[in-house]
Amino acid sequence: MSANATPRHIAFIMDGNGRWAKKRFLPRKAGHRQGVKALERVVDACEKKGVEMVTFYAFSTENWARPQDEIDALFAMVAEFADTRLKEYVARGLRIMFMGDLAPLPQKTRDACARIVQAAKDNEGMIVNIALNYGGRDEILRAVRRVLQSGVKDVDVETLSDCMYTGGLPDPDIIVRSSGEKRLSNFMLWQAAYSEFVFRDELWPDFDEKTIDAVLEEYASRDRRYGSVKRLD
Ligand code: FPP
């Protein structure tokens with residue numbers, strides 16, 4: 001049985017920032033700050049491996065229930081990240097996209113996101129996709145509404161896929177969740193149809209290149225059948 005090729009798209013549910021901070025008697029936002037560093041290590045590692053797209057679940061539609069100061073800190077971090085590290089990514093040819101409803105975000109964060117997307121628009125490197133105020137059910141509803149608005153009487157998988165934030169892009173081959181939790185938490189529900197799930201015990205701030213090596217090793221050993229009986233190779 002031959003190993004799976006390099007995955008085209010890996011999506012990450014970044015969990016465990018709070019626990020990382022708590023273990024060190026630090027505020028939760030210190031955990032998120034380390035989480036951003038882990039995200040940077042993961043982007044570098046995935047680019048090195050030739051992955052075409054990485055997606056990060058940074059803020060869910062449910063995360064508004066968190067304390068306001070944590071929410072404020074997270075969006076300030078996103079704005080700062082867009083103005084600094086994402087600028088470097090753009091300079092080295094990476095593409096940047098955001099998925100989710102950005103309208104309720106602070107203006108400063110929205111402006112920083114819009115600027116970076118514009119700056120990266122002609123790039124052709126790995127896509128860095130950041131999910132902000134994202135929910136899988138919301139995304140499916142939004143897609144259905146877009147289809148209904150177009151006035152068609154029927155809909156197929158391809159049409160609906162094209163109406164997702166990821167329209168025209170590959171579905172995640174792997175969805176990785178950190179910190180030992182084994183849930184999808186409203187993440188990429190449509191796109192996860194045939195994704196391989198990899199659950200790691202490390203907290204997100206501890207993710208590094210070695211973790212990515214382990215994820216890829218695990219993926220290579222999986223038998224992807226897409227509903228058929230047995231792989232032919
Ligand atoms: C889950 O851990 C983490 C989040 C909800 C936020 C993830 C965000 C980042 C890593 C920073 C994003 C910033 C940029 C610049 C993209 P948790 O807080 O639920 O951890 P816990 O379960 O241990 O409490």
# chains A, B, ... in the order shown; residues from 1 in each chain; ligands from 1
call {"tool": "select_by_dssp", "arguments": {"residues": "region 136-184 of chain A", "states": "helix (DSSP H, G or I)", "output": "list of chain:residue names"}}
result
A:Gly136, A:Arg137, A:Asp138, A:Glu139, A:Ile140, A:Leu141, A:Arg142, A:Ala143, A:Val144, A:Arg145, A:Arg146, A:Val147, A:Leu148, A:Gln149, A:Val157, A:Glu158, A:Thr159, A:Leu160, A:Ser161, A:Asp162
call {"tool": "write_last_selection", "arguments": {"atoms": "N, CA, C and O atoms", "output": "compact mmCIF listing (two decimals), in the first residue's frame"}}
result
# COMPACT_ATOMS: atom_id res chain seq x y z
N GLY A 136 -19.44 26.88 10.58
CA GLY A 136 -19.76 26.01 9.45
C GLY A 136 -21.23 26.07 9.06
O GLY A 136 -21.58 26.11 7.88
N ARG A 137 -22.10 26.11 10.06
CA ARG A 137 -23.53 26.17 9.74
C ARG A 137 -23.88 27.51 9.09
O ARG A 137 -24.65 27.55 8.13
N ASP A 138 -23.30 28.57 9.61
CA ASP A 138 -23.50 29.90 9.02
C ASP A 138 -23.06 29.91 7.57
O ASP A 138 -23.73 30.49 6.70
N GLU A 139 -21.93 29.28 7.31
CA GLU A 139 -21.39 29.27 5.95
C GLU A 139 -22.32 28.52 4.99
O GLU A 139 -22.56 28.97 3.87
N ILE A 140 -22.86 27.39 5.48
CA ILE A 140 -23.78 26.61 4.63
C ILE A 140 -25.06 27.41 4.36
O ILE A 140 -25.53 27.50 3.23
N LEU A 141 -25.60 28.06 5.41
CA LEU A 141 -26.80 28.88 5.25
C LEU A 141 -26.57 30.00 4.24
O LEU A 141 -27.40 30.27 3.37
N ARG A 142 -25.41 30.64 4.39
CA ARG A 142 -25.05 31.75 3.50
C ARG A 142 -24.98 31.25 2.05
O ARG A 142 -25.47 31.90 1.12
N ALA A 143 -24.41 30.06 1.88
CA ALA A 143 -24.29 29.49 0.53
C ALA A 143 -25.67 29.18 -0.04
O ALA A 143 -25.96 29.49 -1.20
N VAL A 144 -26.54 28.60 0.80
CA VAL A 144 -27.89 28.26 0.34
C VAL A 144 -28.63 29.54 -0.06
O VAL A 144 -29.30 29.60 -1.10
N ARG A 145 -28.48 30.58 0.77
CA ARG A 145 -29.16 31.85 0.45
C ARG A 145 -28.66 32.41 -0.87
O ARG A 145 -29.43 32.93 -1.68
N ARG A 146 -27.35 32.30 -1.09
CA ARG A 146 -26.80 32.82 -2.35
C ARG A 146 -27.36 32.06 -3.54
O ARG A 146 -27.69 32.64 -4.57
N VAL A 147 -27.52 30.74 -3.38
CA VAL A 147 -28.08 29.93 -4.46
C VAL A 147 -29.53 30.33 -4.70
O VAL A 147 -29.96 30.54 -5.83
N LEU A 148 -30.30 30.49 -3.60
CA LEU A 148 -31.72 30.85 -3.73
C LEU A 148 -31.86 32.20 -4.45
O LEU A 148 -32.73 32.37 -5.30
N GLN A 149 -30.97 33.14 -4.07
CA GLN A 149 -31.04 34.47 -4.67
C GLN A 149 -30.79 34.44 -6.17
O GLN A 149 -31.28 35.27 -6.91
N VAL A 157 -24.03 19.60 -5.72
CA VAL A 157 -22.90 19.72 -4.80
C VAL A 157 -21.91 20.77 -5.29
O VAL A 157 -21.42 21.60 -4.51
N GLU A 158 -21.63 20.73 -6.58
CA GLU A 158 -20.63 21.65 -7.12
C GLU A 158 -21.06 23.11 -6.96
O GLU A 158 -20.27 23.97 -6.56
N THR A 159 -22.33 23.37 -7.25
CA THR A 159 -22.83 24.75 -7.15
C THR A 159 -22.75 25.24 -5.71
O THR A 159 -22.31 26.37 -5.45
N LEU A 160 -23.16 24.37 -4.77
CA LEU A 160 -23.13 24.79 -3.37
C LEU A 160 -21.69 24.96 -2.88
O LEU A 160 -21.36 25.93 -2.18
N SER A 161 -20.81 24.05 -3.31
CA SER A 161 -19.38 24.15 -2.94
C SER A 161 -18.82 25.49 -3.40
O SER A 161 -18.05 26.13 -2.68
N ASP A 162 -19.21 25.89 -4.60
CA ASP A 162 -18.68 27.15 -5.15
C ASP A 162 -19.16 28.35 -4.34
O ASP A 162 -18.55 29.42 -4.41
call {"tool": "closest_atom_pairs", "arguments": {"of": "chain A", "to": "ligand 1", "cutoff": "7 Å", "atoms": "only C-alpha atoms and all ligand atoms", "output": "CSV"}}
result
residue,atom,partner,partner_atom_place_in_ligand_line,distance
A:Met14,CA,ligand 1,3 (C),5.3
A:Asp15,CA,ligand 1,1 (C),3.9
A:Gly16,CA,ligand 1,23 (O),3.2
A:Asn17,CA,ligand 1,20 (O),4.0
A:Gly18,CA,ligand 1,24 (O),3.5
A:Arg19,CA,ligand 1,23 (O),3.6
A:Trp20,CA,ligand 1,23 (O),6.3
A:Arg28,CA,ligand 1,18 (O),6.8
A:His32,CA,ligand 1,10 (C),4.9
A:Arg33,CA,ligand 1,11 (C),6.5
A:Gly35,CA,ligand 1,10 (C),3.9
A:Val36,CA,ligand 1,10 (C),4.9
A:Leu39,CA,ligand 1,10 (C),6.8
A:Tyr57,CA,ligand 1,7 (C),6.6
A:Ala58,CA,ligand 1,8 (C),4.2
A:Phe59,CA,ligand 1,5 (C),5.5
A:Asn63,CA,ligand 1,5 (C),6.5
A:Leu74,CA,ligand 1,13 (C),6.1
A:Met77,CA,ligand 1,15 (C),5.1
A:Val78,CA,ligand 1,15 (C),3.8
A:Phe81,CA,ligand 1,15 (C),5.0
A:Ile130,CA,ligand 1,16 (C),6.3
call {"tool": "write_last_selection", "arguments": {"atoms": "N, CA and C atoms", "output": "PDB file, in the first residue's frame"}}
result
ATOM      1  N   MET A  14      -7.227  25.385  16.467  1.00  0.00           N
ATOM      2  CA  MET A  14      -6.150  25.746  17.397  1.00  0.00           C
ATOM      3  C   MET A  14      -6.718  25.786  18.816  1.00  0.00           C
ATOM      4  N   ASP A  15      -6.577  24.700  19.528  1.00  0.00           N
ATOM      5  CA  ASP A  15      -7.207  24.618  20.852  1.00  0.00           C
ATOM      6  C   ASP A  15      -6.143  24.478  21.944  1.00  0.00           C
ATOM      7  N   GLY A  16      -6.407  25.036  23.103  1.00  0.00           N
ATOM      8  CA  GLY A  16      -5.527  24.806  24.253  1.00  0.00           C
ATOM      9  C   GLY A  16      -4.688  26.013  24.659  1.00  0.00           C
ATOM     10  N   ASN A  17      -4.946  27.162  24.053  1.00  0.00           N
ATOM     11  CA  ASN A  17      -4.184  28.369  24.429  1.00  0.00           C
ATOM     12  C   ASN A  17      -4.433  28.734  25.894  1.00  0.00           C
ATOM     13  N   GLY A  18      -5.694  28.633  26.303  1.00  0.00           N
ATOM     14  CA  GLY A  18      -6.071  28.987  27.679  1.00  0.00           C
ATOM     15  C   GLY A  18      -5.372  28.071  28.680  1.00  0.00           C
ATOM     16  N   ARG A  19      -5.392  26.759  28.372  1.00  0.00           N
ATOM     17  CA  ARG A  19      -4.756  25.799  29.283  1.00  0.00           C
ATOM     18  C   ARG A  19      -3.245  26.011  29.349  1.00  0.00           C
ATOM     19  N   TRP A  20      -2.663  26.357  28.212  1.00  0.00           N
ATOM     20  CA  TRP A  20      -1.212  26.632  28.176  1.00  0.00           C
ATOM     21  C   TRP A  20      -0.896  27.786  29.133  1.00  0.00           C
ATOM     22  N   ARG A  28      -5.088  34.476  29.926  1.00  0.00           N
ATOM     23  CA  ARG A  28      -5.427  33.713  28.719  1.00  0.00           C
ATOM     24  C   ARG A  28      -4.831  34.341  27.463  1.00  0.00           C
ATOM     25  N   HIS A  32      -2.869  33.041  23.907  1.00  0.00           N
ATOM     26  CA  HIS A  32      -3.166  33.355  22.505  1.00  0.00           C
ATOM     27  C   HIS A  32      -1.925  33.915  21.805  1.00  0.00           C
ATOM     28  N   ARG A  33      -1.170  34.725  22.561  1.00  0.00           N
ATOM     29  CA  ARG A  33       0.052  35.301  21.967  1.00  0.00           C
ATOM     30  C   ARG A  33       1.017  34.183  21.558  1.00  0.00           C
ATOM     31  N   GLY A  35       0.038  31.269  20.915  1.00  0.00           N
ATOM     32  CA  GLY A  35      -0.686  30.586  19.837  1.00  0.00           C
ATOM     33  C   GLY A  35      -0.351  31.179  18.474  1.00  0.00           C
ATOM     34  N   VAL A  36      -0.169  32.483  18.448  1.00  0.00           N
ATOM     35  CA  VAL A  36       0.204  33.136  17.182  1.00  0.00           C
ATOM     36  C   VAL A  36       1.600  32.666  16.754  1.00  0.00           C
ATOM     37  N   LEU A  39       1.260  29.319  15.258  1.00  0.00           N
ATOM     38  CA  LEU A  39       0.698  29.454  13.903  1.00  0.00           C
ATOM     39  C   LEU A  39       1.821  29.789  12.903  1.00  0.00           C
ATOM     40  N   TYR A  57      -8.496  28.126  12.428  1.00  0.00           N
ATOM     41  CA  TYR A  57      -9.752  28.541  13.061  1.00  0.00           C
ATOM     42  C   TYR A  57      -9.383  29.500  14.198  1.00  0.00           C
ATOM     43  N   ALA A  58      -9.432  30.796  13.924  1.00  0.00           N
ATOM     44  CA  ALA A  58      -8.956  31.781  14.906  1.00  0.00           C
ATOM     45  C   ALA A  58     -10.071  32.322  15.790  1.00  0.00           C
ATOM     46  N   PHE A  59     -11.297  32.409  15.239  1.00  0.00           N
ATOM     47  CA  PHE A  59     -12.404  32.952  16.047  1.00  0.00           C
ATOM     48  C   PHE A  59     -13.711  32.407  15.484  1.00  0.00           C
ATOM     49  N   ASN A  63     -17.405  32.196  19.732  1.00  0.00           N
ATOM     50  CA  ASN A  63     -16.393  32.797  20.619  1.00  0.00           C
ATOM     51  C   ASN A  63     -16.788  34.172  21.168  1.00  0.00           C
ATOM     52  N   LEU A  74      -7.827  39.413  21.242  1.00  0.00           N
ATOM     53  CA  LEU A  74      -7.697  38.563  20.054  1.00  0.00           C
ATOM     54  C   LEU A  74      -7.755  39.383  18.764  1.00  0.00           C
ATOM     55  N   MET A  77      -4.706  41.383  18.259  1.00  0.00           N
ATOM     56  CA  MET A  77      -3.613  40.513  17.788  1.00  0.00           C
ATOM     57  C   MET A  77      -3.739  40.240  16.289  1.00  0.00           C
ATOM     58  N   VAL A  78      -4.972  40.052  15.830  1.00  0.00           N
ATOM     59  CA  VAL A  78      -5.177  39.792  14.400  1.00  0.00           C
ATOM     60  C   VAL A  78      -4.742  41.021  13.590  1.00  0.00           C
ATOM     61  N   PHE A  81      -1.024  41.244  13.647  1.00  0.00           N
ATOM     62  CA  PHE A  81      -0.474  40.151  12.835  1.00  0.00           C
ATOM     63  C   PHE A  81      -0.575  40.490  11.342  1.00  0.00           C
ATOM     64  N   ILE A 130      -7.489  32.398   7.156  1.00  0.00           N
ATOM     65  CA  ILE A 130      -7.764  32.578   8.583  1.00  0.00           C
ATOM     66  C   ILE A 130      -9.270  32.724   8.793  1.00  0.00           C
TER      67      ILE A 130
END
call {"tool": "select_by_dssp", "arguments": {"residues": "region 32-215 of chain A", "states": "strand (DSSP E)", "output": "MDAnalysis selection string"}}
result
chainID A and resid 53:57 95:99 127:131 174:177 196:199
call {"tool": "write_last_selection", "arguments": {"atoms": "N, CA, C and O atoms", "output": "PDB file, in the first residue's frame"}}
result
ATOM      1  N   MET A  53      -2.342  24.882   0.822  1.00  0.00           N
ATOM      2  CA  MET A  53      -3.269  25.756   1.566  1.00  0.00           C
ATOM      3  C   MET A  53      -3.322  25.330   3.032  1.00  0.00           C
ATOM      4  O   MET A  53      -3.360  24.138   3.329  1.00  0.00           O
ATOM      5  N   VAL A  54      -3.298  26.304   3.911  1.00  0.00           N
ATOM      6  CA  VAL A  54      -3.493  26.032   5.344  1.00  0.00           C
ATOM      7  C   VAL A  54      -4.617  26.933   5.857  1.00  0.00           C
ATOM      8  O   VAL A  54      -4.698  28.113   5.480  1.00  0.00           O
ATOM      9  N   THR A  55      -5.469  26.364   6.677  1.00  0.00           N
ATOM     10  CA  THR A  55      -6.579  27.139   7.254  1.00  0.00           C
ATOM     11  C   THR A  55      -6.473  27.082   8.780  1.00  0.00           C
ATOM     12  O   THR A  55      -6.166  26.032   9.344  1.00  0.00           O
ATOM     13  N   PHE A  56      -6.721  28.216   9.421  1.00  0.00           N
ATOM     14  CA  PHE A  56      -6.647  28.297  10.882  1.00  0.00           C
ATOM     15  C   PHE A  56      -7.960  28.828  11.425  1.00  0.00           C
ATOM     16  O   PHE A  56      -8.446  29.874  10.983  1.00  0.00           O
ATOM     17  N   TYR A  57      -8.496  28.126  12.428  1.00  0.00           N
ATOM     18  CA  TYR A  57      -9.752  28.541  13.061  1.00  0.00           C
ATOM     19  C   TYR A  57      -9.383  29.500  14.198  1.00  0.00           C
ATOM     20  O   TYR A  57      -9.045  29.079  15.299  1.00  0.00           O
ATOM     21  N   ARG A  95      -0.389  33.699  -0.481  1.00  0.00           N
ATOM     22  CA  ARG A  95      -1.718  34.313  -0.641  1.00  0.00           C
ATOM     23  C   ARG A  95      -2.408  34.327   0.720  1.00  0.00           C
ATOM     24  O   ARG A  95      -2.203  33.412   1.516  1.00  0.00           O
ATOM     25  N   ILE A  96      -3.222  35.342   0.932  1.00  0.00           N
ATOM     26  CA  ILE A  96      -3.896  35.474   2.235  1.00  0.00           C
ATOM     27  C   ILE A  96      -5.400  35.580   1.999  1.00  0.00           C
ATOM     28  O   ILE A  96      -5.836  36.343   1.135  1.00  0.00           O
ATOM     29  N   MET A  97      -6.168  34.819   2.759  1.00  0.00           N
ATOM     30  CA  MET A  97      -7.617  35.026   2.711  1.00  0.00           C
ATOM     31  C   MET A  97      -8.211  34.870   4.126  1.00  0.00           C
ATOM     32  O   MET A  97      -7.588  34.280   5.008  1.00  0.00           O
ATOM     33  N   PHE A  98      -9.374  35.443   4.297  1.00  0.00           N
ATOM     34  CA  PHE A  98     -10.101  35.309   5.563  1.00  0.00           C
ATOM     35  C   PHE A  98     -11.456  34.709   5.236  1.00  0.00           C
ATOM     36  O   PHE A  98     -12.055  35.057   4.211  1.00  0.00           O
ATOM     37  N   MET A  99     -11.949  33.819   6.072  1.00  0.00           N
ATOM     38  CA  MET A  99     -13.318  33.339   5.850  1.00  0.00           C
ATOM     39  C   MET A  99     -14.136  33.551   7.111  1.00  0.00           C
ATOM     40  O   MET A  99     -13.636  33.376   8.223  1.00  0.00           O
ATOM     41  N   ILE A 127      -1.661  29.287   0.192  1.00  0.00           N
ATOM     42  CA  ILE A 127      -2.749  30.124   0.710  1.00  0.00           C
ATOM     43  C   ILE A 127      -2.820  29.989   2.226  1.00  0.00           C
ATOM     44  O   ILE A 127      -2.896  28.873   2.754  1.00  0.00           O
ATOM     45  N   VAL A 128      -2.789  31.127   2.911  1.00  0.00           N
ATOM     46  CA  VAL A 128      -2.999  31.151   4.356  1.00  0.00           C
ATOM     47  C   VAL A 128      -4.411  31.697   4.568  1.00  0.00           C
ATOM     48  O   VAL A 128      -4.698  32.854   4.252  1.00  0.00           O
ATOM     49  N   ASN A 129      -5.287  30.829   5.066  1.00  0.00           N
ATOM     50  CA  ASN A 129      -6.698  31.181   5.234  1.00  0.00           C
ATOM     51  C   ASN A 129      -7.017  31.260   6.723  1.00  0.00           C
ATOM     52  O   ASN A 129      -6.799  30.301   7.454  1.00  0.00           O
ATOM     53  N   ILE A 130      -7.489  32.398   7.156  1.00  0.00           N
ATOM     54  CA  ILE A 130      -7.764  32.578   8.583  1.00  0.00           C
ATOM     55  C   ILE A 130      -9.270  32.724   8.793  1.00  0.00           C
ATOM     56  O   ILE A 130      -9.902  33.612   8.199  1.00  0.00           O
ATOM     57  N   ALA A 131      -9.825  31.830   9.598  1.00  0.00           N
ATOM     58  CA  ALA A 131     -11.268  31.851   9.863  1.00  0.00           C
ATOM     59  C   ALA A 131     -11.553  32.788  11.035  1.00  0.00           C
ATOM     60  O   ALA A 131     -11.077  32.574  12.144  1.00  0.00           O
ATOM     61  N   ILE A 174      -6.707  17.087   5.553  1.00  0.00           N
ATOM     62  CA  ILE A 174      -6.543  16.777   6.976  1.00  0.00           C
ATOM     63  C   ILE A 174      -7.135  17.918   7.814  1.00  0.00           C
ATOM     64  O   ILE A 174      -6.901  19.091   7.501  1.00  0.00           O
ATOM     65  N   ILE A 175      -7.868  17.555   8.844  1.00  0.00           N
ATOM     66  CA  ILE A 175      -8.255  18.538   9.862  1.00  0.00           C
ATOM     67  C   ILE A 175      -7.568  18.123  11.163  1.00  0.00           C
ATOM     68  O   ILE A 175      -7.727  16.993  11.626  1.00  0.00           O
ATOM     69  N   VAL A 176      -6.742  19.020  11.674  1.00  0.00           N
ATOM     70  CA  VAL A 176      -5.967  18.742  12.889  1.00  0.00           C
ATOM     71  C   VAL A 176      -6.583  19.517  14.042  1.00  0.00           C
ATOM     72  O   VAL A 176      -6.872  20.703  13.893  1.00  0.00           O
ATOM     73  N   ARG A 177      -6.767  18.852  15.166  1.00  0.00           N
ATOM     74  CA  ARG A 177      -7.195  19.585  16.366  1.00  0.00           C
ATOM     75  C   ARG A 177      -6.182  19.311  17.482  1.00  0.00           C
ATOM     76  O   ARG A 177      -5.786  18.163  17.704  1.00  0.00           O
ATOM     77  N   GLU A 196      -9.393  13.636   6.593  1.00  0.00           N
ATOM     78  CA  GLU A 196      -8.851  12.764   7.638  1.00  0.00           C
ATOM     79  C   GLU A 196      -8.714  13.615   8.897  1.00  0.00           C
ATOM     80  O   GLU A 196      -8.213  14.744   8.834  1.00  0.00           O
ATOM     81  N   PHE A 197      -9.140  13.079  10.023  1.00  0.00           N
ATOM     82  CA  PHE A 197      -9.020  13.817  11.285  1.00  0.00           C
ATOM     83  C   PHE A 197      -7.783  13.368  12.040  1.00  0.00           C
ATOM     84  O   PHE A 197      -7.549  12.166  12.173  1.00  0.00           O
ATOM     85  N   VAL A 198      -7.005  14.328  12.479  1.00  0.00           N
ATOM     86  CA  VAL A 198      -5.833  14.009  13.303  1.00  0.00           C
ATOM     87  C   VAL A 198      -5.959  14.794  14.603  1.00  0.00           C
ATOM     88  O   VAL A 198      -6.046  16.028  14.591  1.00  0.00           O
ATOM     89  N   PHE A 199      -6.028  14.073  15.701  1.00  0.00           N
ATOM     90  CA  PHE A 199      -6.146  14.715  17.015  1.00  0.00           C
ATOM     91  C   PHE A 199      -4.813  14.586  17.740  1.00  0.00           C
ATOM     92  O   PHE A 199      -4.285  13.478  17.875  1.00  0.00           O
TER      93      PHE A 199
END
call {"tool": "residues_around", "arguments": {"residues": "Thr211 (chain A)", "least_positions_apart": "4", "cutoff": "9 Å", "atoms": "only C-alpha atoms", "output": "VMD selection string"}}
result
chain A and resid 42 200 202 206 to 207 215 to 216
call {"tool": "residues_around", "arguments": {"residues": "Ser195 (chain A)", "least_positions_apart": "4", "cutoff": "12 Å", "atoms": "only C-alpha atoms", "output": "list in words"}}
result
Pro7, Arg8, His9, Ile10, Ala11, Phe12, Pro170, Asp171, Pro172, Asp173, Ile174, Ile175, Val176, Leu184, Phe187, Met188, Leu189, Trp190, Gln191, Tyr219, Arg222, Asp223, Arg224, Arg225 and Tyr226 of chain A
call {"tool": "write_last_selection", "arguments": {"atoms": "N, CA, C and O atoms", "output": "tab-separated table (two decimals), in the first residue's frame"}}
result
chain	number	residue	atom	x	y	z
A	7	PRO	N	-0.47	16.31	1.42
A	7	PRO	CA	-1.82	16.89	1.42
A	7	PRO	C	-1.82	18.26	0.75
A	7	PRO	O	-0.85	19.01	0.89
A	8	ARG	N	-2.88	18.57	0.05
A	8	ARG	CA	-2.98	19.90	-0.58
A	8	ARG	C	-3.38	20.93	0.44
A	8	ARG	O	-2.94	22.06	0.38
A	9	HIS	N	-4.27	20.54	1.35
A	9	HIS	CA	-4.86	21.51	2.28
A	9	HIS	C	-4.92	20.89	3.69
A	9	HIS	O	-5.46	19.82	3.87
A	10	ILE	N	-4.34	21.58	4.64
A	10	ILE	CA	-4.46	21.17	6.05
A	10	ILE	C	-5.17	22.28	6.82
A	10	ILE	O	-4.80	23.46	6.69
A	11	ALA	N	-6.16	21.91	7.59
A	11	ALA	CA	-6.91	22.89	8.39
A	11	ALA	C	-6.68	22.60	9.88
A	11	ALA	O	-6.63	21.43	10.29
A	12	PHE	N	-6.52	23.66	10.65
A	12	PHE	CA	-6.16	23.51	12.06
A	12	PHE	C	-7.21	24.13	12.99
A	12	PHE	O	-7.58	25.30	12.82
A	170	PRO	N	-9.31	23.59	-2.79
A	170	PRO	CA	-9.44	22.18	-2.34
A	170	PRO	C	-10.02	22.07	-0.93
A	170	PRO	O	-9.72	22.90	-0.06
A	171	ASP	N	-10.82	21.02	-0.71
A	171	ASP	CA	-11.29	20.71	0.64
A	171	ASP	C	-10.08	20.28	1.48
A	171	ASP	O	-9.10	19.77	0.93
A	172	PRO	N	-10.15	20.44	2.81
A	172	PRO	CA	-9.00	19.99	3.61
A	172	PRO	C	-8.81	18.48	3.53
A	172	PRO	O	-9.76	17.72	3.71
A	173	ASP	N	-7.59	18.05	3.21
A	173	ASP	CA	-7.27	16.62	3.26
A	173	ASP	C	-7.18	16.18	4.71
A	173	ASP	O	-7.51	15.05	5.04
A	174	ILE	N	-6.71	17.09	5.55
A	174	ILE	CA	-6.54	16.78	6.98
A	174	ILE	C	-7.13	17.92	7.81
A	174	ILE	O	-6.90	19.09	7.50
A	175	ILE	N	-7.87	17.56	8.84
A	175	ILE	CA	-8.25	18.54	9.86
A	175	ILE	C	-7.57	18.12	11.16
A	175	ILE	O	-7.73	16.99	11.63
A	176	VAL	N	-6.74	19.02	11.67
A	176	VAL	CA	-5.97	18.74	12.89
A	176	VAL	C	-6.58	19.52	14.04
A	176	VAL	O	-6.87	20.70	13.89
A	184	LEU	N	-15.50	18.74	16.16
A	184	LEU	CA	-15.33	19.61	14.99
A	184	LEU	C	-15.73	21.05	15.32
A	184	LEU	O	-15.30	21.99	14.66
A	187	PHE	N	-16.70	23.62	12.54
A	187	PHE	CA	-15.60	24.01	11.64
A	187	PHE	C	-15.68	23.27	10.31
A	187	PHE	O	-15.69	22.04	10.28
A	188	MET	N	-15.75	23.99	9.23
A	188	MET	CA	-15.69	23.45	7.86
A	188	MET	C	-16.59	22.21	7.67
A	188	MET	O	-16.15	21.18	7.15
A	189	LEU	N	-17.82	22.32	8.13
A	189	LEU	CA	-18.72	21.16	8.13
A	189	LEU	C	-18.93	20.62	6.72
A	189	LEU	O	-18.94	19.42	6.50
A	190	TRP	N	-19.09	21.51	5.76
A	190	TRP	CA	-19.31	21.09	4.37
A	190	TRP	C	-18.03	20.48	3.78
A	190	TRP	O	-18.06	19.42	3.15
A	191	GLN	N	-16.92	21.15	4.02
A	191	GLN	CA	-15.66	20.76	3.40
A	191	GLN	C	-15.05	19.52	4.03
A	191	GLN	O	-14.14	18.91	3.48
A	219	TYR	N	-1.01	10.87	8.45
A	219	TYR	CA	-1.82	10.98	7.22
A	219	TYR	C	-1.35	9.96	6.19
A	219	TYR	O	-2.16	9.31	5.52
A	222	ARG	N	-2.82	6.54	6.52
A	222	ARG	CA	-4.28	6.35	6.42
A	222	ARG	C	-4.67	5.78	5.04
A	222	ARG	O	-4.06	6.13	4.03
A	223	ASP	N	-5.72	5.00	5.03
A	223	ASP	CA	-6.23	4.42	3.79
A	223	ASP	C	-7.45	5.23	3.36
A	223	ASP	O	-8.54	5.05	3.90
A	224	ARG	N	-7.26	6.15	2.43
A	224	ARG	CA	-8.37	7.02	2.02
A	224	ARG	C	-9.18	6.33	0.93
A	224	ARG	O	-8.66	6.02	-0.13
A	225	ARG	N	-10.43	6.09	1.20
A	225	ARG	CA	-11.24	5.32	0.25
A	225	ARG	C	-12.38	6.12	-0.37
A	225	ARG	O	-13.01	5.66	-1.30
A	226	TYR	N	-12.67	7.27	0.15
A	226	TYR	CA	-13.75	8.11	-0.39
A	226	TYR	C	-15.03	7.32	-0.63
A	226	TYR	O	-15.69	7.48	-1.66
call {"tool": "residues_around", "arguments": {"residues": "Ile212 (chain A)", "least_positions_apart": "5", "cutoff": "10 Å", "atoms": "only C-alpha atoms", "output": "PyMOL selection string"}}
result
chain A and resi 41-43+45-46+49+176+207+217-218
call {"tool": "residues_around", "arguments": {"residues": "region 119-125 of chain A", "least_positions_apart": "2", "cutoff": "10 Å", "atoms": "only C-alpha atoms", "output": "PyMOL selection string"}}
result
chain A and resi 47+50-53+86-87+89-97+113-117+127-128
call {"tool": "closest_residue", "arguments": {"among": "A:Met126, A:Ala220, A:Leu132, A:Ala192", "to": "Asp44 (chain A)", "atoms": "only C-alpha atoms"}}
result
A:Met126
call {"tool": "atom_distance", "arguments": {"atom1": "CA of Arg110 (chain A)", "atom2": "CA of Ala73 (chain A)"}}
result
14.6 Å
call {"tool": "residues_around", "arguments": {"residues": "Asp111 (chain A)", "least_positions_apart": "5", "cutoff": "12 Å", "atoms": "only C-alpha atoms", "output": "PyMOL selection string"}}
result
chain A and resi 75-76+78-80+82-83+102-103+105-106+116-118
call {"tool": "atom_distance", "arguments": {"atom1": "CA of Gly168 (chain A)", "atom2": "CA of Arg85 (chain A)"}}
result
26.1 Å
call {"tool": "atom_distance", "arguments": {"atom1": "CA of Pro205 (chain A)", "atom2": "CA of Asp101 (chain A)"}}
result
25.7 Å
